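Peer 1: What follows is a single structure, and I will ask about it in a moment.
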Amino acid sequence: MIVLFTDFGLAGPYTGQVTAVLHQRAPEIPVIPLFADAPTEQPKPSSYLLAAYGAWFPAGTVLLCVVDPGVGSERRAVVIEAEGRIYVGPDNGLFDIVMRRASDPRLWEIIWHPGPLSPSFHGRDLFAPVAARLALGAPIAELAQPAADESGERGWPDDLAEIVYIDHYGNAMTGLRGALLTPETRLVAAGRQLALAATFSAVPRGEAFWYINSNGLAEIAVNGGRAAPTLGLEIGSKIRIEA
Amino acid sequence: MIVLFTDFGLAGPYTGQVTAVLHQRAPEIPVIPLFADAPTEQPKPSSYLLAAYGAWFPAGTVLLCVVDPGVGSERRAVVIEAEGRIYVGPDNGLFDIVMRRASDPRLWEIIWHPGPLSPSFHGRDLFAPVAARLALGAPIAELAQPAADESGERGWPDDLAEIVYIDHYGNAMTGLRGALLTPETRLVAAGRQLALAATFSAVPRGEAFWYINSNGLAEIAVNGGRAAPTLGLEIGSKIRIEA
Amino acid sequence: MIVLFTDFGLAGPYTGQVTAVLHQRAPEIPVIPLFADAPTEQPKPSSYLLAAYGAWFPAGTVLLCVVDPGVGSERRAVVIEAEGRIYVGPDNGLFDIVMRRASDPRLWEIIWHPGPLSPSFHGRDLFAPVAARLALGAPIAELAQPAADESGERGWPDDLAEIVYIDHYGNAMTGLRGALLTPETRLVAAGRQLALAATFSAVPRGEAFWYINSNGLAEIAVNGGRAAPTLGLEIGSKIRIEA
């Protein structure tokens with residue numbers, strides 16, 4: 001299985017072209033679009049989102065991950081092995097949190113070049129061909145060489161007390177793992193102090209709360225409403241933790 | 001074939017995770033996203049939309065249907081058999097109109113539990129595994145037991161004189177079956193009286209009208225324009241029928 | 001491979017129903033949504049977009065193309081052969097630029113009718129069944145007959161100095177092939193004179209420029225920003241070329 005985690009959008013040409021490359025090069029492998037609306041050109045919040053959602057897939061999954069504002073610059077193209085999964089994409093911090101939470105992660109720099117490379121669409125021209133070959137079972141060493149992990153220079157925190165994603169329902173995901181918070185924790189967002197609830201139906205309609213979402217992130221919601229526009233939250237909004 | 005009828009959105013993680021579960025559990029079965037933008041958390045308009053669009057698929061189709069504002073509460077999880085199709089989802093009215101229009105519908109309550117169940121994402125953790133097994137040919141009786149139809153308590157009408165969906169072109173679908181209206185019927189929407197037209201090109205550019213859409217619903221449109229913003233229509237807007 | 005180029009949107013029912021028809025009639029053929037948000041009901045800008053993006057696919061690809069404001073009127077339904085690819089859709093100019101750039105294009109009028117035809121959804125009821133049969137290898141002559149090319153009457157230019165698409169990042173594609181412009185060319189858009197840059201990272205953050213995108217179109221962008229809302233560009237905005 002090849003999973004797509006990108007900021008490409010679905011309707012326009014980018015997801016389709018990447019999917020076409022994958023189908024041509026690895027015809028038997030299912031391609032699953034997971035996120036096509038990861039935080040646009042923002043590797044930092046995307047990194048916390050990817051760590052939470054990538055870990056849900058079984059070992060053996062190849063994740064093609066493209067949030068790549070530096071495409072065409074000198075940033076490295078990498079493959080990450082972590083907990084039996086393989087991640088392919090740009091080396092701009094997108095994989096920092098995946099690596100930090102893995103027991104024995106490895107980073108490889110891609111050296112194989114499948115053909116002409118457009119300066120603005122490495123997702124289609126480089127990362128998709130690499131992902132296809134890896135999904136078909138090629139050893140990483142045929143395409144890439146071990147390289148130094150430079151994530152220390154970015155120094156991002158283990159958990160991010162910010163909004164990292166607004167979903168289709170208007171719920172606002174934080175970069176905080178819910179399991180690390182206590183049931184008494186209050187999250188303060190946009191000046192509002194919010195308590196934990198187990199489910200939407202546990203609070204009155206119209207009330208804001210936080211809960212641990214189905215992939216383990218602390219998420220801010222309103223029962224029967226849209227939390228993000230109601231509270232004025234967007235990607236990057238800061239959250240304060242009151243234990 | 002497994003058909004998805006949900007309010008999940010496509011770009012975010014929900015449709016992707018459900019699709020991943022289906023591919024893992026029923027690898028050979030095609031998965032078709034039909035609606036990912038059914039009326040958000042509104043089973044009533046969704047029920048009329050589903051009845052019109054579900055009936056278009058051939059017998060044997062499994063429809064995975066999730067518009068589920070009560071996830072995590074006590075609402076039942078059900079399987080419906082109607083006209084040779086199988087519907088899987090929450091028992092909150094979403095299947096009322098499908099059942100009412102079928103000749104010998106049956107309702108089953110799901111009793112099989114495939115594993116750990118997140119309180120907020122039964123679509124992924126329960127309904128998708130059930131749909132996968134049914135699509136592979138498992139008898140419903142292995143997963144569910146016959147149960148009482150409680151739709152009478154909701155008492156929804158046979159047809160709904162409201163807007164139930166706004167499409168990508170700005171056209172506004174009603175919950176009214178066009179075949180039950182006469183060619184002389186006027187639909188009054190947002191204070192405007194609209195006549196039937198056979199096709200878009202049968203009226204002057206910029207003119208509003210109603211027509212019977214390709215799945216049988218009476219739909220309000222503007223030739224060369226966007227009816228919903230032009231007329232001020234949204235999901236839930238009332239329609240008056242003048243015969 | 002069957003590629004979808006439409007203005008249907010993805011979330012609503014249209015792409016899903018067309019995909020269902022294709023899976024039923026040509027079960028083994030992958031279906032790739034390329035654009036579901038081609039310029040709504042605008043064959044002219046869509047034609048330049050299709051010419052740029054369709055040419056990227058290998059010979060043998062069947063492209064199902066539906067931007068069809070005249071559905072239900074007398075416009076012809078056609079099949080185009082161009083450079084080994086097969087295009088299926090309405091004869092309203094959508095294929096004019098594809099044909100003009102091909103060395104020996106052929107136009108056929110569809111005469112096979114697969115069954116009942118709704119007046120408003122030929123994409124599902126006619127074009128998809130035709131595309132499925134062609135993708136399975138049926139000769140075009142079984143479904144269509146040679147017909148006259150009437151594109152001369154429209155007289156559209158070889159390249160279109162207008163915005164033809166706004167992508168998910170807010171970048172604005174023109175209908176101009178970048179290879180026909182010189183590196184010194186300035187594009188004037190919304191009163192702003194823009195110079196060529198090789199990549200996003202070659203200009204300071206916040207600066208607008210034009211570049212040749214990964215499918216050969218001249219495209220207007222802002223490094224780290226969203227060009228279309230920033231500059232006030234939309235589909236149809238005129239571009240002036242200063243050589």
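Convention: chains lettered A, B, ... in structure tokens order; per-chain residue numbering from 1; ligands numbered from 1 as shown.
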Output as JSON lines one row per residue of chain C within 10 Å of chain A: the closest atom pair and its distance in Å to one decimal place, counting only C-alpha atoms, sorted by chain and residue number ascending.
Peer 2:
```
{"residue": "C:Met1", "atom": "CA", "partner": "A:Ala20", "partner_atom": "CA", "distance": 8.4}
{"residue": "C:Ile2", "atom": "CA", "partner": "A:Ala20", "partner_atom": "CA", "distance": 9.8}
{"residue": "C:Val3", "atom": "CA", "partner": "A:Gly16", "partner_atom": "CA", "distance": 8.6}
{"residue": "C:Leu4", "atom": "CA", "partner": "A:Gly16", "partner_atom": "CA", "distance": 9.1}
{"residue": "C:Phe5", "atom": "CA", "partner": "A:Pro13", "partner_atom": "CA", "distance": 9.2}
{"residue": "C:Thr6", "atom": "CA", "partner": "A:Ala11", "partner_atom": "CA", "distance": 9.6}
{"residue": "C:Asp7", "atom": "CA", "partner": "A:Ala11", "partner_atom": "CA", "distance": 9.3}
{"residue": "C:Phe8", "atom": "CA", "partner": "A:Ala11", "partner_atom": "CA", "distance": 9.4}
{"residue": "C:Gly9", "atom": "CA", "partner": "A:Ala11", "partner_atom": "CA", "distance": 6.7}
{"residue": "C:Leu10", "atom": "CA", "partner": "A:Ala11", "partner_atom": "CA", "distance": 6.4}
{"residue": "C:Ala11", "atom": "CA", "partner": "A:Ala11", "partner_atom": "CA", "distance": 9.2}
{"residue": "C:Pro30", "atom": "CA", "partner": "A:His23", "partner_atom": "CA", "distance": 7.5}
{"residue": "C:Val31", "atom": "CA", "partner": "A:Ala20", "partner_atom": "CA", "distance": 8.9}
{"residue": "C:Ile32", "atom": "CA", "partner": "A:Gly16", "partner_atom": "CA", "distance": 6.0}
{"residue": "C:Pro33", "atom": "CA", "partner": "A:Gly16", "partner_atom": "CA", "distance": 5.5}
{"residue": "C:Leu34", "atom": "CA", "partner": "A:Gly16", "partner_atom": "CA", "distance": 4.5}
{"residue": "C:Phe35", "atom": "CA", "partner": "A:Gly12", "partner_atom": "CA", "distance": 5.0}
{"residue": "C:Ala36", "atom": "CA", "partner": "A:Ala11", "partner_atom": "CA", "distance": 4.9}
{"residue": "C:Asp37", "atom": "CA", "partner": "A:Ala11", "partner_atom": "CA", "distance": 5.6}
{"residue": "C:Ala38", "atom": "CA", "partner": "A:Gly12", "partner_atom": "CA", "distance": 7.9}
{"residue": "C:Tyr53", "atom": "CA", "partner": "A:Pro13", "partner_atom": "CA", "distance": 8.1}
{"residue": "C:Trp56", "atom": "CA", "partner": "A:Gln17", "partner_atom": "CA", "distance": 9.0}
{"residue": "C:Phe57", "atom": "CA", "partner": "A:Ala20", "partner_atom": "CA", "distance": 8.5}
{"residue": "C:Pro58", "atom": "CA", "partner": "A:Gln24", "partner_atom": "CA", "distance": 9.8}
{"residue": "C:Tyr165", "atom": "CA", "partner": "A:Gly12", "partner_atom": "CA", "distance": 9.1}
{"residue": "C:Ile166", "atom": "CA", "partner": "A:Gly12", "partner_atom": "CA", "distance": 8.9}
{"residue": "C:Asp167", "atom": "CA", "partner": "A:Gly12", "partner_atom": "CA", "distance": 6.4}
{"residue": "C:His168", "atom": "CA", "partner": "A:Gly9", "partner_atom": "CA", "distance": 5.7}
{"residue": "C:Tyr169", "atom": "CA", "partner": "A:Thr40", "partner_atom": "CA", "distance": 7.4}
{"residue": "C:Ala198", "atom": "CA", "partner": "A:Pro119", "partner_atom": "CA", "distance": 7.6}
{"residue": "C:Thr199", "atom": "CA", "partner": "A:Gly72", "partner_atom": "CA", "distance": 5.8}
{"residue": "C:Phe200", "atom": "CA", "partner": "A:Gly72", "partner_atom": "CA", "distance": 7.2}
{"residue": "C:Ser201", "atom": "CA", "partner": "A:Ser73", "partner_atom": "CA", "distance": 6.0}
{"residue": "C:Ala202", "atom": "CA", "partner": "A:Ser73", "partner_atom": "CA", "distance": 8.1}
{"residue": "C:Tyr211", "atom": "CA", "partner": "A:Ser120", "partner_atom": "CA", "distance": 9.5}
{"residue": "C:Ile212", "atom": "CA", "partner": "A:Ser120", "partner_atom": "CA", "distance": 9.0}
{"residue": "C:Asn213", "atom": "CA", "partner": "A:Ser120", "partner_atom": "CA", "distance": 6.9}
{"residue": "C:Ser214", "atom": "CA", "partner": "A:Ser118", "partner_atom": "CA", "distance": 5.6}
{"residue": "C:Asn215", "atom": "CA", "partner": "A:Ser118", "partner_atom": "CA", "distance": 8.8}
{"residue": "C:Gly216", "atom": "CA", "partner": "A:Ser118", "partner_atom": "CA", "distance": 9.8}
{"residue": "C:Asn223", "atom": "CA", "partner": "A:Pro69", "partner_atom": "CA", "distance": 8.6}
{"residue": "C:Gly224", "atom": "CA", "partner": "A:Pro69", "partner_atom": "CA", "distance": 7.4}
{"residue": "C:Gly225", "atom": "CA", "partner": "A:Glu41", "partner_atom": "CA", "distance": 9.5}
```
Peer 1: Just write the chosen residues, C-alpha atoms, as a tab-separated table (two decimals), in the first residue's frame.
Peer 2:
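Below you can see out17.tsv, which holds the result:
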```
chain	number	residue	atom	x	y	z
C	1	MET	CA	-5.57	3.94	-18.11
C	2	ILE	CA	-8.63	6.19	-18.17
C	3	VAL	CA	-7.97	9.79	-17.13
C	4	LEU	CA	-10.77	12.10	-15.98
C	5	PHE	CA	-10.67	15.77	-16.96
C	6	THR	CA	-13.91	17.39	-15.78
C	7	ASP	CA	-15.55	20.26	-13.96
C	8	PHE	CA	-17.57	17.80	-11.81
C	9	GLY	CA	-15.90	18.32	-8.45
C	10	LEU	CA	-14.78	15.27	-6.50
C	11	ALA	CA	-16.87	15.31	-3.35
C	30	PRO	CA	-7.24	2.12	-13.58
C	31	VAL	CA	-9.20	5.37	-13.41
C	32	ILE	CA	-7.18	8.50	-12.59
C	33	PRO	CA	-8.95	11.76	-11.70
C	34	LEU	CA	-6.66	14.43	-13.20
C	35	PHE	CA	-8.80	17.56	-12.94
C	36	ALA	CA	-12.24	17.59	-11.29
C	37	ASP	CA	-12.14	21.37	-11.18
C	38	ALA	CA	-11.44	22.40	-14.75
C	53	TYR	CA	-1.87	18.27	-19.25
C	56	TRP	CA	1.86	14.38	-20.44
C	57	PHE	CA	0.15	10.95	-20.54
C	58	PRO	CA	1.54	8.04	-22.58
C	165	TYR	CA	-6.55	27.75	-13.83
C	166	ILE	CA	-5.88	28.67	-10.19
C	167	ASP	CA	-4.28	25.80	-8.33
C	168	HIS	CA	-4.47	24.68	-4.69
C	169	TYR	CA	-1.50	26.92	-3.80
C	198	ALA	CA	13.66	29.35	-12.62
C	199	THR	CA	12.29	28.23	-9.26
C	200	PHE	CA	10.35	29.57	-6.30
C	201	SER	CA	13.46	29.69	-4.15
C	202	ALA	CA	15.23	31.91	-6.71
C	211	TYR	CA	7.93	30.48	-14.37
C	212	ILE	CA	7.42	27.51	-16.67
C	213	ASN	CA	5.44	24.95	-14.75
C	214	SER	CA	5.96	21.21	-14.74
C	215	ASN	CA	3.63	20.79	-17.72
C	216	GLY	CA	5.04	23.64	-19.78
C	223	ASN	CA	7.26	32.69	-3.31
C	224	GLY	CA	5.72	31.71	0.01
C	225	GLY	CA	2.39	33.31	-0.91
```
Peer 1: Tell me which protein, DNA and RNA residues are within 6 Å of stretch 47-49 of chain B, counting only C-alpha atoms, leaving out same-chain ones fewer than 3 positions away, and put them as a PyMOL selection string.
Peer 2: chain B and resi 43-44+52+94-95+97+175
Peer 1: If DSSP is run on the backbone, what residues of stretch 3-111 of chain C are alpha helix (DSSP H)? A reply as a compact mmCIF listing (two decimals) with all heavy atoms, in the first residue's frame would be ideal.
Peer 2:
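The result, written out as result.txt:
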```txt
# COMPACT_ATOMS: atom_id res chain seq x y z
N PRO C 13 -21.68 13.87 -6.32
CA PRO C 13 -21.95 12.54 -6.87
C PRO C 13 -21.40 12.28 -8.25
O PRO C 13 -21.36 11.13 -8.68
CB PRO C 13 -23.48 12.52 -6.91
CG PRO C 13 -23.89 13.94 -7.11
CD PRO C 13 -22.86 14.75 -6.35
N TYR C 14 -20.94 13.31 -8.98
CA TYR C 14 -20.72 13.11 -10.41
C TYR C 14 -19.47 12.28 -10.71
O TYR C 14 -19.51 11.33 -11.48
CB TYR C 14 -20.70 14.46 -11.13
CG TYR C 14 -21.92 15.28 -10.76
CD1 TYR C 14 -21.80 16.50 -10.09
CD2 TYR C 14 -23.19 14.80 -11.01
CE1 TYR C 14 -22.93 17.22 -9.72
CE2 TYR C 14 -24.32 15.51 -10.64
CZ TYR C 14 -24.18 16.73 -9.99
OH TYR C 14 -25.29 17.42 -9.61
N THR C 15 -18.33 12.64 -10.09
CA THR C 15 -17.12 11.85 -10.32
C THR C 15 -17.33 10.41 -9.84
O THR C 15 -16.90 9.46 -10.50
CB THR C 15 -15.92 12.51 -9.62
OG1 THR C 15 -15.64 13.76 -10.27
CG2 THR C 15 -14.68 11.63 -9.68
N GLY C 16 -18.02 10.24 -8.73
CA GLY C 16 -18.27 8.90 -8.22
C GLY C 16 -19.12 8.06 -9.16
O GLY C 16 -18.83 6.89 -9.39
N GLN C 17 -20.17 8.65 -9.73
CA GLN C 17 -21.02 7.86 -10.62
C GLN C 17 -20.29 7.50 -11.90
O GLN C 17 -20.41 6.37 -12.40
CB GLN C 17 -22.30 8.64 -10.93
CG GLN C 17 -23.24 8.71 -9.73
CD GLN C 17 -24.62 9.22 -10.11
OE1 GLN C 17 -24.75 10.22 -10.82
NE2 GLN C 17 -25.65 8.55 -9.65
N VAL C 18 -19.53 8.44 -12.44
CA VAL C 18 -18.75 8.14 -13.65
C VAL C 18 -17.73 7.03 -13.35
O VAL C 18 -17.55 6.09 -14.14
CB VAL C 18 -18.07 9.42 -14.17
CG1 VAL C 18 -16.92 9.09 -15.12
CG2 VAL C 18 -19.10 10.29 -14.88
N THR C 19 -17.08 7.12 -12.20
CA THR C 19 -16.10 6.09 -11.83
C THR C 19 -16.78 4.73 -11.66
O THR C 19 -16.23 3.69 -12.07
CB THR C 19 -15.38 6.51 -10.54
OG1 THR C 19 -14.81 7.81 -10.73
CG2 THR C 19 -14.28 5.54 -10.17
N ALA C 20 -17.97 4.73 -11.10
CA ALA C 20 -18.70 3.46 -10.94
C ALA C 20 -19.01 2.84 -12.30
O ALA C 20 -18.85 1.63 -12.49
CB ALA C 20 -19.99 3.69 -10.14
N VAL C 21 -19.45 3.65 -13.25
CA VAL C 21 -19.73 3.14 -14.59
C VAL C 21 -18.45 2.54 -15.20
O VAL C 21 -18.47 1.44 -15.78
CB VAL C 21 -20.28 4.25 -15.50
CG1 VAL C 21 -20.31 3.80 -16.96
CG2 VAL C 21 -21.68 4.67 -15.04
N LEU C 22 -17.35 3.25 -15.07
CA LEU C 22 -16.09 2.76 -15.63
C LEU C 22 -15.66 1.45 -14.98
O LEU C 22 -15.23 0.52 -15.67
CB LEU C 22 -15.00 3.83 -15.50
CG LEU C 22 -15.25 5.12 -16.29
CD1 LEU C 22 -14.21 6.19 -15.92
CD2 LEU C 22 -15.22 4.87 -17.80
N HIS C 23 -15.78 1.36 -13.65
CA HIS C 23 -15.39 0.12 -12.97
C HIS C 23 -16.28 -1.05 -13.36
O HIS C 23 -15.82 -2.18 -13.45
CB HIS C 23 -15.44 0.30 -11.45
CG HIS C 23 -14.18 0.87 -10.89
ND1 HIS C 23 -12.96 0.22 -10.98
CD2 HIS C 23 -13.94 2.02 -10.25
CE1 HIS C 23 -12.03 0.96 -10.40
NE2 HIS C 23 -12.60 2.07 -9.95
N GLN C 24 -17.56 -0.77 -13.61
CA GLN C 24 -18.44 -1.87 -13.98
C GLN C 24 -18.18 -2.33 -15.40
O GLN C 24 -18.23 -3.51 -15.70
CB GLN C 24 -19.89 -1.44 -13.86
CG GLN C 24 -20.35 -1.34 -12.41
CD GLN C 24 -21.82 -0.99 -12.35
OE1 GLN C 24 -22.18 0.19 -12.43
NE2 GLN C 24 -22.65 -2.01 -12.26
N ARG C 25 -17.90 -1.38 -16.28
CA ARG C 25 -17.76 -1.74 -17.69
C ARG C 25 -16.32 -2.09 -18.09
O ARG C 25 -16.12 -2.74 -19.11
CB ARG C 25 -18.27 -0.58 -18.56
CG ARG C 25 -19.79 -0.41 -18.45
CD ARG C 25 -20.26 0.75 -19.30
NE ARG C 25 -21.70 0.87 -19.30
CZ ARG C 25 -22.50 0.49 -20.31
NH1 ARG C 25 -21.99 -0.04 -21.39
NH2 ARG C 25 -23.80 0.65 -20.22
N PRO C 43 -15.42 25.82 -21.81
CA PRO C 43 -14.57 25.00 -22.68
C PRO C 43 -13.31 25.71 -23.16
O PRO C 43 -12.29 25.06 -23.38
CB PRO C 43 -15.49 24.67 -23.86
CG PRO C 43 -16.88 24.86 -23.34
CD PRO C 43 -16.79 25.95 -22.31
N LYS C 44 -13.35 27.04 -23.31
CA LYS C 44 -12.18 27.72 -23.89
C LYS C 44 -10.95 27.63 -22.99
O LYS C 44 -9.93 27.06 -23.41
CB LYS C 44 -12.51 29.18 -24.24
CG LYS C 44 -11.41 29.84 -25.08
CD LYS C 44 -11.85 31.23 -25.53
CE LYS C 44 -10.79 31.90 -26.40
NZ LYS C 44 -11.20 33.26 -26.81
N PRO C 45 -10.96 28.16 -21.77
CA PRO C 45 -9.74 27.97 -20.96
C PRO C 45 -9.45 26.49 -20.70
O PRO C 45 -8.28 26.08 -20.65
CB PRO C 45 -10.05 28.72 -19.66
CG PRO C 45 -11.53 28.93 -19.65
CD PRO C 45 -11.97 28.98 -21.09
N SER C 46 -10.50 25.68 -20.58
CA SER C 46 -10.28 24.24 -20.35
C SER C 46 -9.49 23.61 -21.49
O SER C 46 -8.69 22.69 -21.28
CB SER C 46 -11.63 23.52 -20.20
OG SER C 46 -12.31 23.97 -19.05
N SER C 47 -9.70 24.11 -22.70
CA SER C 47 -9.04 23.53 -23.86
C SER C 47 -7.52 23.70 -23.81
O SER C 47 -6.77 22.81 -24.18
CB SER C 47 -9.61 24.20 -25.13
OG SER C 47 -9.09 23.62 -26.28
N TYR C 48 -7.06 24.86 -23.33
CA TYR C 48 -5.63 25.11 -23.21
C TYR C 48 -5.03 24.29 -22.06
O TYR C 48 -3.89 23.82 -22.13
CB TYR C 48 -5.36 26.61 -23.04
CG TYR C 48 -5.76 27.38 -24.29
CD1 TYR C 48 -7.07 27.81 -24.49
CD2 TYR C 48 -4.84 27.62 -25.30
CE1 TYR C 48 -7.44 28.49 -25.64
CE2 TYR C 48 -5.20 28.29 -26.47
CZ TYR C 48 -6.51 28.72 -26.63
OH TYR C 48 -6.87 29.36 -27.79
N LEU C 49 -5.81 24.15 -21.00
CA LEU C 49 -5.38 23.34 -19.86
C LEU C 49 -5.25 21.88 -20.26
O LEU C 49 -4.26 21.21 -19.97
CB LEU C 49 -6.42 23.51 -18.74
CG LEU C 49 -6.06 23.12 -17.33
CD1 LEU C 49 -4.88 23.92 -16.79
CD2 LEU C 49 -7.28 23.29 -16.42
N LEU C 50 -6.25 21.39 -20.97
CA LEU C 50 -6.24 19.99 -21.41
C LEU C 50 -5.09 19.71 -22.37
O LEU C 50 -4.43 18.66 -22.27
CB LEU C 50 -7.58 19.66 -22.09
CG LEU C 50 -7.72 18.27 -22.69
CD1 LEU C 50 -7.52 17.18 -21.65
CD2 LEU C 50 -9.08 18.12 -23.37
N ALA C 51 -4.83 20.64 -23.28
CA ALA C 51 -3.73 20.42 -24.23
C ALA C 51 -2.40 20.28 -23.49
O ALA C 51 -1.56 19.45 -23.84
CB ALA C 51 -3.67 21.56 -25.24
N ALA C 52 -2.20 21.08 -22.44
CA ALA C 52 -0.94 21.03 -21.70
C ALA C 52 -0.84 19.76 -20.85
O ALA C 52 0.21 19.13 -20.78
CB ALA C 52 -0.81 22.26 -20.80
N TYR C 53 -1.93 19.39 -20.20
CA TYR C 53 -1.87 18.27 -19.25
C TYR C 53 -2.13 16.91 -19.91
O TYR C 53 -1.59 15.89 -19.47
CB TYR C 53 -2.80 18.52 -18.06
CG TYR C 53 -2.15 19.47 -17.09
CD1 TYR C 53 -2.22 20.85 -17.28
CD2 TYR C 53 -1.38 18.98 -16.04
CE1 TYR C 53 -1.56 21.72 -16.41
CE2 TYR C 53 -0.73 19.84 -15.17
CZ TYR C 53 -0.82 21.21 -15.37
OH TYR C 53 -0.16 22.05 -14.52
N GLY C 54 -2.97 16.87 -20.93
CA GLY C 54 -3.23 15.59 -21.60
C GLY C 54 -1.98 15.04 -22.27
O GLY C 54 -1.73 13.83 -22.27
N ASP C 96 -10.21 21.58 -29.24
CA ASP C 96 -9.63 22.37 -30.33
C ASP C 96 -8.11 22.46 -30.23
O ASP C 96 -7.39 22.31 -31.22
CB ASP C 96 -10.19 23.80 -30.32
CG ASP C 96 -11.59 23.89 -30.93
OD1 ASP C 96 -12.23 22.84 -31.11
OD2 ASP C 96 -12.04 25.02 -31.19
N ILE C 97 -7.61 22.75 -29.05
CA ILE C 97 -6.16 23.00 -28.93
C ILE C 97 -5.38 21.69 -28.96
O ILE C 97 -4.29 21.62 -29.52
CB ILE C 97 -5.87 23.85 -27.67
CG1 ILE C 97 -6.75 25.12 -27.67
CG2 ILE C 97 -4.39 24.23 -27.59
CD1 ILE C 97 -6.66 25.96 -28.95
N VAL C 98 -5.94 20.65 -28.38
CA VAL C 98 -5.33 19.32 -28.53
C VAL C 98 -5.16 18.99 -30.00
O VAL C 98 -4.09 18.55 -30.43
CB VAL C 98 -6.21 18.24 -27.84
CG1 VAL C 98 -5.81 16.84 -28.30
CG2 VAL C 98 -6.14 18.35 -26.32
N MET C 99 -6.21 19.19 -30.79
CA MET C 99 -6.16 18.84 -32.22
C MET C 99 -5.16 19.71 -32.97
O MET C 99 -4.41 19.24 -33.81
CB MET C 99 -7.55 18.97 -32.84
CG MET C 99 -8.53 17.94 -32.30
SD MET C 99 -10.10 17.96 -33.22
CE MET C 99 -9.58 17.21 -34.76
N ARG C 100 -5.15 21.00 -32.64
CA ARG C 100 -4.28 21.90 -33.37
C ARG C 100 -2.82 21.56 -33.19
O ARG C 100 -2.00 21.76 -34.08
CB ARG C 100 -4.53 23.34 -32.92
CG ARG C 100 -3.93 24.31 -33.93
CD ARG C 100 -4.31 25.72 -33.68
NE ARG C 100 -5.73 25.89 -33.45
CZ ARG C 100 -6.25 27.01 -32.97
NH1 ARG C 100 -5.45 28.03 -32.69
NH2 ARG C 100 -7.54 27.12 -32.77
N ARG C 101 -2.46 21.04 -32.01
CA ARG C 101 -1.05 20.74 -31.73
C ARG C 101 -0.65 19.33 -32.13
O ARG C 101 0.52 18.96 -31.98
CB ARG C 101 -0.78 20.97 -30.24
CG ARG C 101 -0.93 22.42 -29.86
CD ARG C 101 -0.58 22.69 -28.42
NE ARG C 101 -0.95 24.07 -28.08
CZ ARG C 101 -1.01 24.55 -26.85
NH1 ARG C 101 -0.71 23.77 -25.82
NH2 ARG C 101 -1.36 25.80 -26.62
```
Peer 1: List every residue of stretch 100-147 of chain B that DSSP, applied to the backbone, labels as strand (DSSP E), and write the result as a list in words.
Peer 2: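 For stretch 100-147 of chain B, the strand (DSSP E) set is Arg106, Leu107, Trp108, Glu109, Ile110, Ala144, Gln145 and Pro146 of chain B.
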Peer 1: So which residues touch C:Arg186 within 10 Å, counting only C-alpha atoms, skipping near sequence neighbours fewer than 4 positions away, as a list in words?
Peer 2: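 Here the answer would be Leu181, Thr182, Arg192, Gln193, Leu194, Ala195, Leu196, Phe209, Trp210, Arg240, Ile241, Glu242 and Ala243 of chain C.
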Peer 1: Using only C-alpha atoms, pick whichever of C:Val88, C:Val66, C:Leu180, C:Leu231 has the shortest atom-to-atom distance to C:Gly123.
Peer 2: C:Val66
Peer 1: Could you pull the residues within 8 Å of A:Ala26, counting only C-alpha atoms, minus those fewer than 5 positions along the same chain, as an MDAnalysis selection string?
Peer 2: chainID A and resid 132:133 135:136
Peer 1: Mind writing the picked residues with N, CA and C atoms as a short mmCIF file (atom, residue, chain, number, x, y, z; two decimals), in the first residue's frame?
Peer 2:
```
data_model
loop_
_atom_site.label_atom_id
_atom_site.label_comp_id
_atom_site.auth_asym_id
_atom_site.auth_seq_id
_atom_site.Cartn_x
_atom_site.Cartn_y
_atom_site.Cartn_z
N ALA A 132 7.25 4.06 -5.72
CA ALA A 132 6.78 2.89 -6.48
C ALA A 132 7.79 1.75 -6.39
N ARG A 133 9.06 2.06 -6.58
CA ARG A 133 10.06 0.99 -6.52
C ARG A 133 10.14 0.37 -5.13
N ALA A 135 7.75 0.27 -2.92
CA ALA A 135 6.53 -0.50 -2.67
C ALA A 135 6.58 -1.86 -3.36
N LEU A 136 7.32 -1.93 -4.48
CA LEU A 136 7.48 -3.20 -5.19
C LEU A 136 8.55 -4.08 -4.55
#
```
Peer 1: Residues near B:Pro105, anyone? I mean within 7 Å using only C-alpha atoms, not counting same-chain ones fewer than 6 positions away, as a list in words.
Peer 2: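 The residues satisfying every condition are Ile80, Glu81, Ala82 and Met99 of chain B.
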Peer 1: Please identify all polymer residues within 10 Å of A:His113, counting only C-alpha atoms, omitting same-chain residues fewer than 5 positions from it, and present them as a PyMOL selection string.
Peer 2: chain A and resi 125-127+129-130+143-144
Peer 1: Using the selection just defined, write its residues with C-alpha atoms as a CSV table (one decimal), in the first residue's frame.
Peer 2:
```csv
chain,number,residue,atom,x,y,z
A,125,ASP,CA,9.2,13.2,-11.0
A,126,LEU,CA,11.3,11.9,-8.1
A,127,PHE,CA,9.4,10.9,-5.0
A,129,PRO,CA,9.0,6.8,-8.8
A,130,VAL,CA,11.1,6.1,-5.7
A,143,LEU,CA,18.1,4.1,-4.5
A,144,ALA,CA,19.6,5.9,-1.6
```
Peer 1: With only C-alpha atoms as the atoms that count, which of A:Ala55, A:Ala190, A:Ala179, A:Cys65 lies nearest to A:Gly236?
Peer 2: A:Ala190
